[in-house]
file structure_13.json (JSON, C-alpha atoms (C1' of nucleotides))
[["chain", "number", "residue", "atom", "x", "y", "z"],
["A", 248, "MET", "CA", 6.53, -22.34, -23.34],
["A", 249, "LYS", "CA", 8.24, -21.94, -26.72],
["A", 250, "GLU", "CA", 5.74, -19.61, -28.34],
["A", 251, "LYS", "CA", 6.17, -17.17, -25.50],
["A", 252, "GLU", "CA", 9.91, -16.88, -25.96],
["A", 253, "LEU", "CA", 9.38, -16.27, -29.65],
["A", 254, "ARG", "CA", 7.05, -13.36, -28.97],
["A", 255, "ARG", "CA", 9.41, -11.84, -26.42],
["A", 256, "SER", "CA", 12.14, -11.96, -29.03],
["A", 257, "LEU", "CA", 10.11, -10.26, -31.73],
["A", 258, "ALA", "CA", 11.45, -6.78, -32.42],
["A", 259, "VAL", "CA", 8.36, -4.65, -32.77],
["A", 260, "LEU", "CA", 8.97, -1.63, -30.54],
["A", 261, "PRO", "CA", 10.26, 1.67, -31.91],
["A", 262, "ILE", "CA", 12.76, 3.60, -29.80],
["A", 263, "GLY", "CA", 10.07, 6.06, -28.68],
["A", 264, "THR", "CA", 8.13, 3.29, -26.92],
["A", 265, "VAL", "CA", 11.26, 1.82, -25.39],
["A", 266, "MET", "CA", 12.23, 5.24, -24.05],
["A", 267, "LYS", "CA", 9.02, 5.36, -22.04],
["A", 268, "LEU", "CA", 9.12, 1.73, -20.91],
["A", 269, "ALA", "CA", 12.71, 1.93, -19.70],
["A", 270, "ASN", "CA", 12.81, 5.60, -18.67],
["A", 271, "LEU", "CA", 15.90, 6.19, -20.77],
["A", 272, "THR", "CA", 16.72, 8.88, -23.33],
["A", 273, "ALA", "CA", 17.20, 7.93, -26.98],
["A", 274, "ARG", "CA", 20.79, 9.06, -26.56],
["A", 275, "GLN", "CA", 21.41, 6.55, -23.79],
["A", 276, "ILE", "CA", 19.70, 3.69, -25.61],
["A", 277, "ARG", "CA", 21.72, 4.33, -28.77],
["A", 278, "TYR", "CA", 24.89, 4.63, -26.71],
["A", 279, "TYR", "CA", 24.28, 1.28, -25.02],
["A", 280, "GLU", "CA", 23.85, -0.26, -28.44],
["A", 281, "GLU", "CA", 27.12, 1.32, -29.51],
["A", 282, "GLN", "CA", 28.69, -0.40, -26.49],
["A", 283, "ASP", "CA", 27.23, -3.74, -27.68],
["A", 284, "LEU", "CA", 25.10, -4.10, -24.57],
["A", 285, "ILE", "CA", 21.98, -4.48, -26.72],
["A", 286, "HIS", "CA", 21.47, -5.38, -30.37],
["A", 287, "PRO", "CA", 18.13, -4.06, -31.62],
["A", 288, "GLU", "CA", 17.15, -4.94, -35.17],
["A", 289, "ARG", "CA", 16.71, -2.39, -37.95],
["A", 290, "ASN", "CA", 13.69, -2.08, -40.17],
["A", 291, "ALA", "CA", 13.63, -1.09, -43.82],
["A", 292, "GLY", "CA", 14.03, 2.55, -42.89],
["A", 293, "ASN", "CA", 17.09, 1.94, -40.70],
["A", 294, "ARG", "CA", 14.93, 2.52, -37.64],
["A", 295, "ARG", "CA", 15.83, 0.52, -34.52],
["A", 296, "MET", "CA", 13.21, -2.07, -33.57],
["A", 297, "PHE", "CA", 13.32, -3.54, -30.05],
["A", 298, "SER", "CA", 11.86, -6.72, -28.55],
["A", 299, "LEU", "CA", 10.52, -7.12, -25.02],
["A", 300, "ASN", "CA", 13.76, -8.91, -24.21],
["A", 301, "ASP", "CA", 15.65, -5.82, -25.28],
["A", 302, "VAL", "CA", 13.54, -3.75, -22.89],
["A", 303, "ASP", "CA", 14.27, -6.15, -20.04],
["A", 304, "ARG", "CA", 17.93, -5.97, -20.87],
["A", 305, "LEU", "CA", 17.87, -2.17, -20.81],
["A", 306, "LEU", "CA", 16.21, -2.33, -17.40],
["A", 307, "GLU", "CA", 18.99, -4.65, -16.23],
["A", 308, "ILE", "CA", 21.64, -2.32, -17.61],
["A", 309, "LYS", "CA", 20.04, 0.55, -15.76],
["A", 310, "ASP", "CA", 20.16, -1.43, -12.51],
["A", 311, "TYR", "CA", 23.80, -2.38, -12.98],
["A", 312, "LEU", "CA", 24.65, 1.23, -13.73],
["A", 313, "ALA", "CA", 22.78, 2.29, -10.62],
["A", 314, "ASP", "CA", 24.93, -0.15, -8.64],
["A", 315, "GLY", "CA", 28.02, 1.61, -9.88],
["A", 316, "ILE", "CA", 29.03, -0.85, -12.60],
["A", 317, "ASN", "CA", 30.45, 0.66, -15.78],
["A", 318, "MET", "CA", 29.96, -0.30, -19.44],
["A", 319, "ALA", "CA", 33.03, -2.54, -19.41],
["A", 320, "GLY", "CA", 31.84, -4.30, -16.28],
["A", 321, "ILE", "CA", 28.39, -4.95, -17.70],
["A", 322, "LYS", "CA", 29.94, -6.28, -20.87],
["A", 323, "GLU", "CA", 31.99, -8.71, -18.83],
["A", 324, "ILE", "CA", 28.88, -9.90, -17.03],
["A", 325, "TYR", "CA", 27.09, -10.64, -20.30],
["A", 326, "ALA", "CA", 30.22, -12.20, -21.73],
["A", 327, "MET", "CA", 30.43, -14.65, -18.84],
["A", 328, "GLN", "CA", 26.74, -15.46, -19.06],
["A", 329, "LYS", "CA", 27.24, -16.29, -22.72],
["A", 330, "GLN", "CA", 30.18, -18.53, -21.93],
["A", 331, "LYS", "CA", 28.23, -20.44, -19.32],
["A", 332, "ALA", "CA", 25.32, -20.82, -21.70],
["A", 333, "GLN", "CA", 27.59, -22.28, -24.34],
["A", 334, "GLN", "CA", 29.31, -24.50, -21.80],
["A", 335, "LYS", "CA", 25.95, -25.87, -20.77],
["A", 336, "GLU", "CA", 25.18, -26.83, -24.36],
["A", 337, "ALA", "CA", 28.53, -28.56, -24.68],
["A", 338, "ASP", "CA", 27.99, -30.58, -21.49],
["A", 339, "LEU", "CA", 24.54, -31.49, -22.68],
["A", 340, "ALA", "CA", 25.68, -32.60, -26.12],
["A", 341, "ARG", "CA", 28.58, -34.70, -24.87],
["A", 342, "PRO", "CA", 26.79, -37.71, -23.37],
["A", 343, "LEU", "CA", 24.32, -39.58, -25.55],
["A", 344, "THR", "CA", 20.80, -38.52, -24.76],
["A", 345, "ASP", "CA", 18.01, -40.97, -24.08],
["A", 346, "ASN", "CA", 16.67, -40.32, -27.56],
["A", 347, "ASP", "CA", 20.06, -41.10, -29.07],
["A", 348, "VAL", "CA", 20.15, -44.43, -27.25],
["A", 349, "ARG", "CA", 16.63, -45.18, -28.39],
["A", 350, "ARG", "CA", 17.45, -44.51, -32.01],
["A", 351, "ILE", "CA", 20.60, -46.60, -31.81],
["A", 352, "LEU", "CA", 18.70, -49.54, -30.33],
["A", 353, "HIS", "CA", 15.99, -49.04, -32.92],
["A", 354, "ASP", "CA", 18.50, -49.19, -35.77],
["A", 355, "GLU", "CA", 20.05, -52.34, -34.27],
["A", 356, "PHE", "CA", 16.64, -53.91, -34.11],
["A", 357, "LEU", "CA", 15.99, -53.20, -37.78],
["A", 358, "ASN", "CA", 19.35, -54.64, -38.80],
["A", 359, "ILE", "CA", 18.87, -57.76, -36.77],
["A", 360, "GLY", "CA", 15.50, -58.26, -38.33],
["A", 361, "GLY", "CA", 17.01, -58.04, -41.80],
["A", 362, "LEU", "CA", 15.18, -54.76, -42.44],
["A", 363, "LYS", "CA", 17.84, -52.31, -43.46],
["A", 364, "ALA", "CA", 17.23, -48.76, -42.28],
["A", 365, "LYS", "CA", 16.49, -46.44, -45.23],
["A", 366, "ASP", "CA", 18.72, -43.73, -43.83],
["A", 367, "GLY", "CA", 22.11, -44.50, -42.45],
["A", 368, "PRO", "CA", 22.56, -44.04, -38.71],
["A", 369, "GLU", "CA", 22.75, -40.35, -37.94],
["A", 370, "TYR", "CA", 23.18, -40.23, -34.22],
["A", 371, "PRO", "CA", 25.64, -37.60, -33.03],
["A", 372, "THR", "CA", 29.19, -38.24, -34.03],
["A", 373, "HIS", "CA", 30.23, -35.49, -31.67],
["B", 54, "DC", "C1'", 5.70, 13.75, -36.62],
["B", 55, "DT", "C1'", 9.55, 10.27, -35.33],
["B", 56, "DT", "C1'", 14.09, 8.54, -35.77],
["B", 57, "DC", "C1'", 18.89, 8.67, -37.63],
["B", 58, "DT", "C1'", 23.82, 10.20, -37.72],
["B", 59, "DC", "C1'", 27.14, 13.49, -36.69],
["B", 60, "DA", "C1'", 29.25, 17.00, -34.24],
["B", 61, "DC", "C1'", 30.26, 20.48, -30.35],
["B", 62, "DA", "C1'", 29.56, 28.50, -29.33],
["C", 51, "DT", "C1'", 25.23, 12.63, -21.67],
["C", 52, "DG", "C1'", 22.75, 16.73, -23.76],
["C", 53, "DT", "C1'", 21.42, 19.04, -27.82],
["C", 54, "DG", "C1'", 20.88, 21.09, -32.41],
["C", 55, "DA", "C1'", 21.39, 20.34, -37.48],
["C", 56, "DG", "C1'", 19.82, 18.30, -41.67],
["C", 57, "DT", "C1'", 17.72, 13.77, -43.37],
["C", 58, "DA", "C1'", 14.83, 9.99, -44.55]]
call {"tool": "encode", "arguments": {"input": "structure_13.json", "output": "structure tokens"}}
result
Amino acid sequence: MKEKELRRSLAVLPIGTVMKLANLTARQIRYYEEQDLIHPERNAGNRRMFSLNDVDRLLEIKDYLADGINMAGIKEIYAMQKQKAQQKEADLARPLTDNDVRRILHDEFLNIGGLKAKDGPEYPTH
DNA sequence: CTTCTCACA
DNA sequence: TGTGAGTA
């Protein structure tokens, strides 16, 4: 399920295609970018290139707007989602994972057997 | 022809 | 948000 995410993140759609897929004018799409609600890439010719994720995001923005939420409000929503995403990584990195424990035990085993590990232990110090 | 930025009789 | 100008 990793390859799929990669494809959805590939910026290959020009603004014209996105306009049709999201039913938005180029003006609106560019304005939303100006408001940092979306961050399309730019090609060699300075043309905006969108990914399928960008299209989904534009659809979301349109829904929020339809529900009466303004640019600032939508920004807050995405800001909180980003915070929670980062918090989740922190909580996940804190405790030693099963793989960390395995590697630690493995290193111990090598030391006990008199076989020194080629590379020094590199399990998370954080 | 499509997209870009800038500006507003 | 729309729209026209002048580009690339």
call {"tool": "interface_residues", "arguments": {"input": "structure_13.json", "of": "chain B", "to": "chain A", "cutoff": "12 Å", "atoms": "all atoms listed in the file", "output": "tab-separated table (two decimals) with C-alpha atoms (C1' of nucleotides), keeping the file's coordinate frame"}}
result
chain	number	residue	atom	x	y	z
B	54	DC	C1'	5.70	13.75	-36.62
B	55	DT	C1'	9.55	10.27	-35.33
B	56	DT	C1'	14.09	8.54	-35.77
B	57	DC	C1'	18.89	8.67	-37.63
B	58	DT	C1'	23.82	10.20	-37.72
call {"tool": "closest_residue", "arguments": {"input": "structure_13.json", "among": "A:Arg289, A:Lys309, A:Lys249, A:Arg274", "to": "chain C", "atoms": "only C-alpha atoms (C1' of nucleotides)"}}
result
A:Arg274
call {"tool": "atom_distance", "arguments": {"input": "structure_13.json", "atom1": "atom CA of A:Tyr325", "atom2": "atom C1' of C:DT51"}}
result
23.4 Å
call {"tool": "residues_around", "arguments": {"input": "structure_13.json", "residues": "A:Ala258", "least_positions_apart": "6", "cutoff": "7 Å", "atoms": "all atoms listed in the file", "output": "NGL selection string"}}
result
:A and (288 or 296-298)
call {"tool": "build_atoms", "arguments": {"input": "structure_13.json", "residues": "stretch 258-283 of chain A", "atoms": "N, CA, C and O atoms", "output": "PDB file, in the frame of the given file"}}
result
ATOM      1  N   ALA A 258      11.134  -8.211 -32.471  1.00  0.00           N
ATOM      2  CA  ALA A 258      11.450  -6.780 -32.420  1.00  0.00           C
ATOM      3  C   ALA A 258      10.331  -5.989 -33.070  1.00  0.00           C
ATOM      4  O   ALA A 258      10.205  -5.943 -34.284  1.00  0.00           O
ATOM      5  N   VAL A 259       9.497  -5.415 -32.239  1.00  0.00           N
ATOM      6  CA  VAL A 259       8.360  -4.650 -32.770  1.00  0.00           C
ATOM      7  C   VAL A 259       8.193  -3.266 -32.141  1.00  0.00           C
ATOM      8  O   VAL A 259       7.277  -2.537 -32.495  1.00  0.00           O
ATOM      9  N   LEU A 260       9.088  -2.927 -31.211  1.00  0.00           N
ATOM     10  CA  LEU A 260       8.970  -1.630 -30.540  1.00  0.00           C
ATOM     11  C   LEU A 260       9.939  -0.579 -31.065  1.00  0.00           C
ATOM     12  O   LEU A 260      11.133  -0.809 -31.112  1.00  0.00           O
ATOM     13  N   PRO A 261       9.394   0.588 -31.431  1.00  0.00           N
ATOM     14  CA  PRO A 261      10.260   1.670 -31.910  1.00  0.00           C
ATOM     15  C   PRO A 261      10.933   2.301 -30.691  1.00  0.00           C
ATOM     16  O   PRO A 261      10.479   2.136 -29.556  1.00  0.00           O
ATOM     17  N   ILE A 262      12.002   3.025 -30.903  1.00  0.00           N
ATOM     18  CA  ILE A 262      12.760   3.600 -29.800  1.00  0.00           C
ATOM     19  C   ILE A 262      11.911   4.500 -28.893  1.00  0.00           C
ATOM     20  O   ILE A 262      12.148   4.577 -27.687  1.00  0.00           O
ATOM     21  N   GLY A 263      10.933   5.170 -29.475  1.00  0.00           N
ATOM     22  CA  GLY A 263      10.070   6.060 -28.680  1.00  0.00           C
ATOM     23  C   GLY A 263       9.354   5.300 -27.580  1.00  0.00           C
ATOM     24  O   GLY A 263       9.250   5.777 -26.445  1.00  0.00           O
ATOM     25  N   THR A 264       8.843   4.107 -27.906  1.00  0.00           N
ATOM     26  CA  THR A 264       8.130   3.290 -26.920  1.00  0.00           C
ATOM     27  C   THR A 264       9.091   2.783 -25.869  1.00  0.00           C
ATOM     28  O   THR A 264       8.793   2.781 -24.673  1.00  0.00           O
ATOM     29  N   VAL A 265      10.260   2.353 -26.321  1.00  0.00           N
ATOM     30  CA  VAL A 265      11.260   1.820 -25.390  1.00  0.00           C
ATOM     31  C   VAL A 265      11.722   2.904 -24.420  1.00  0.00           C
ATOM     32  O   VAL A 265      11.978   2.627 -23.249  1.00  0.00           O
ATOM     33  N   MET A 266      11.801   4.130 -24.903  1.00  0.00           N
ATOM     34  CA  MET A 266      12.230   5.240 -24.050  1.00  0.00           C
ATOM     35  C   MET A 266      11.306   5.359 -22.839  1.00  0.00           C
ATOM     36  O   MET A 266      11.761   5.518 -21.705  1.00  0.00           O
ATOM     37  N   LYS A 267       9.999   5.252 -23.116  1.00  0.00           N
ATOM     38  CA  LYS A 267       9.020   5.360 -22.040  1.00  0.00           C
ATOM     39  C   LYS A 267       9.029   4.150 -21.115  1.00  0.00           C
ATOM     40  O   LYS A 267       8.961   4.280 -19.893  1.00  0.00           O
ATOM     41  N   LEU A 268       9.115   2.950 -21.714  1.00  0.00           N
ATOM     42  CA  LEU A 268       9.120   1.730 -20.910  1.00  0.00           C
ATOM     43  C   LEU A 268      10.334   1.607 -20.012  1.00  0.00           C
ATOM     44  O   LEU A 268      10.245   1.102 -18.894  1.00  0.00           O
ATOM     45  N   ALA A 269      11.487   2.069 -20.482  1.00  0.00           N
ATOM     46  CA  ALA A 269      12.710   1.930 -19.700  1.00  0.00           C
ATOM     47  C   ALA A 269      13.152   3.226 -19.003  1.00  0.00           C
ATOM     48  O   ALA A 269      14.115   3.220 -18.249  1.00  0.00           O
ATOM     49  N   ASN A 270      12.430   4.310 -19.265  1.00  0.00           N
ATOM     50  CA  ASN A 270      12.810   5.600 -18.670  1.00  0.00           C
ATOM     51  C   ASN A 270      14.255   5.954 -19.026  1.00  0.00           C
ATOM     52  O   ASN A 270      15.056   6.285 -18.150  1.00  0.00           O
ATOM     53  N   LEU A 271      14.558   5.854 -20.314  1.00  0.00           N
ATOM     54  CA  LEU A 271      15.900   6.190 -20.770  1.00  0.00           C
ATOM     55  C   LEU A 271      15.761   7.150 -21.949  1.00  0.00           C
ATOM     56  O   LEU A 271      14.744   7.152 -22.632  1.00  0.00           O
ATOM     57  N   THR A 272      16.787   7.960 -22.197  1.00  0.00           N
ATOM     58  CA  THR A 272      16.720   8.880 -23.330  1.00  0.00           C
ATOM     59  C   THR A 272      17.171   8.112 -24.567  1.00  0.00           C
ATOM     60  O   THR A 272      17.839   7.082 -24.456  1.00  0.00           O
ATOM     61  N   ALA A 273      16.799   8.603 -25.742  1.00  0.00           N
ATOM     62  CA  ALA A 273      17.200   7.930 -26.980  1.00  0.00           C
ATOM     63  C   ALA A 273      18.715   7.896 -27.040  1.00  0.00           C
ATOM     64  O   ALA A 273      19.309   6.921 -27.501  1.00  0.00           O
ATOM     65  N   ARG A 274      19.320   8.962 -26.578  1.00  0.00           N
ATOM     66  CA  ARG A 274      20.790   9.060 -26.560  1.00  0.00           C
ATOM     67  C   ARG A 274      21.406   7.895 -25.806  1.00  0.00           C
ATOM     68  O   ARG A 274      22.340   7.242 -26.282  1.00  0.00           O
ATOM     69  N   GLN A 275      20.884   7.636 -24.607  1.00  0.00           N
ATOM     70  CA  GLN A 275      21.410   6.550 -23.790  1.00  0.00           C
ATOM     71  C   GLN A 275      21.202   5.193 -24.455  1.00  0.00           C
ATOM     72  O   GLN A 275      22.121   4.376 -24.519  1.00  0.00           O
ATOM     73  N   ILE A 276      19.993   4.970 -24.963  1.00  0.00           N
ATOM     74  CA  ILE A 276      19.700   3.690 -25.610  1.00  0.00           C
ATOM     75  C   ILE A 276      20.630   3.446 -26.793  1.00  0.00           C
ATOM     76  O   ILE A 276      21.178   2.365 -26.945  1.00  0.00           O
ATOM     77  N   ARG A 277      20.836   4.488 -27.610  1.00  0.00           N
ATOM     78  CA  ARG A 277      21.720   4.330 -28.770  1.00  0.00           C
ATOM     79  C   ARG A 277      23.156   4.111 -28.319  1.00  0.00           C
ATOM     80  O   ARG A 277      23.904   3.355 -28.938  1.00  0.00           O
ATOM     81  N   TYR A 278      23.530   4.774 -27.230  1.00  0.00           N
ATOM     82  CA  TYR A 278      24.890   4.630 -26.710  1.00  0.00           C
ATOM     83  C   TYR A 278      25.117   3.203 -26.214  1.00  0.00           C
ATOM     84  O   TYR A 278      26.170   2.616 -26.453  1.00  0.00           O
ATOM     85  N   TYR A 279      24.145   2.647 -25.533  1.00  0.00           N
ATOM     86  CA  TYR A 279      24.280   1.280 -25.020  1.00  0.00           C
ATOM     87  C   TYR A 279      24.415   0.300 -26.187  1.00  0.00           C
ATOM     88  O   TYR A 279      25.096  -0.714 -26.083  1.00  0.00           O
ATOM     89  N   GLU A 280      23.744   0.620 -27.277  1.00  0.00           N
ATOM     90  CA  GLU A 280      23.850  -0.260 -28.440  1.00  0.00           C
ATOM     91  C   GLU A 280      25.272  -0.152 -28.993  1.00  0.00           C
ATOM     92  O   GLU A 280      25.881  -1.139 -29.383  1.00  0.00           O
ATOM     93  N   GLU A 281      25.768   1.077 -29.002  1.00  0.00           N
ATOM     94  CA  GLU A 281      27.120   1.320 -29.510  1.00  0.00           C
ATOM     95  C   GLU A 281      28.129   0.521 -28.682  1.00  0.00           C
ATOM     96  O   GLU A 281      29.165   0.082 -29.182  1.00  0.00           O
ATOM     97  N   GLN A 282      27.805   0.347 -27.393  1.00  0.00           N
ATOM     98  CA  GLN A 282      28.690  -0.400 -26.490  1.00  0.00           C
ATOM     99  C   GLN A 282      28.410  -1.902 -26.561  1.00  0.00           C
ATOM    100  O   GLN A 282      28.906  -2.676 -25.751  1.00  0.00           O
ATOM    101  N   ASP A 283      27.586  -2.321 -27.506  1.00  0.00           N
ATOM    102  CA  ASP A 283      27.230  -3.740 -27.680  1.00  0.00           C
ATOM    103  C   ASP A 283      26.544  -4.368 -26.483  1.00  0.00           C
ATOM    104  O   ASP A 283      26.684  -5.555 -26.240  1.00  0.00           O
TER     105      ASP A 283
END
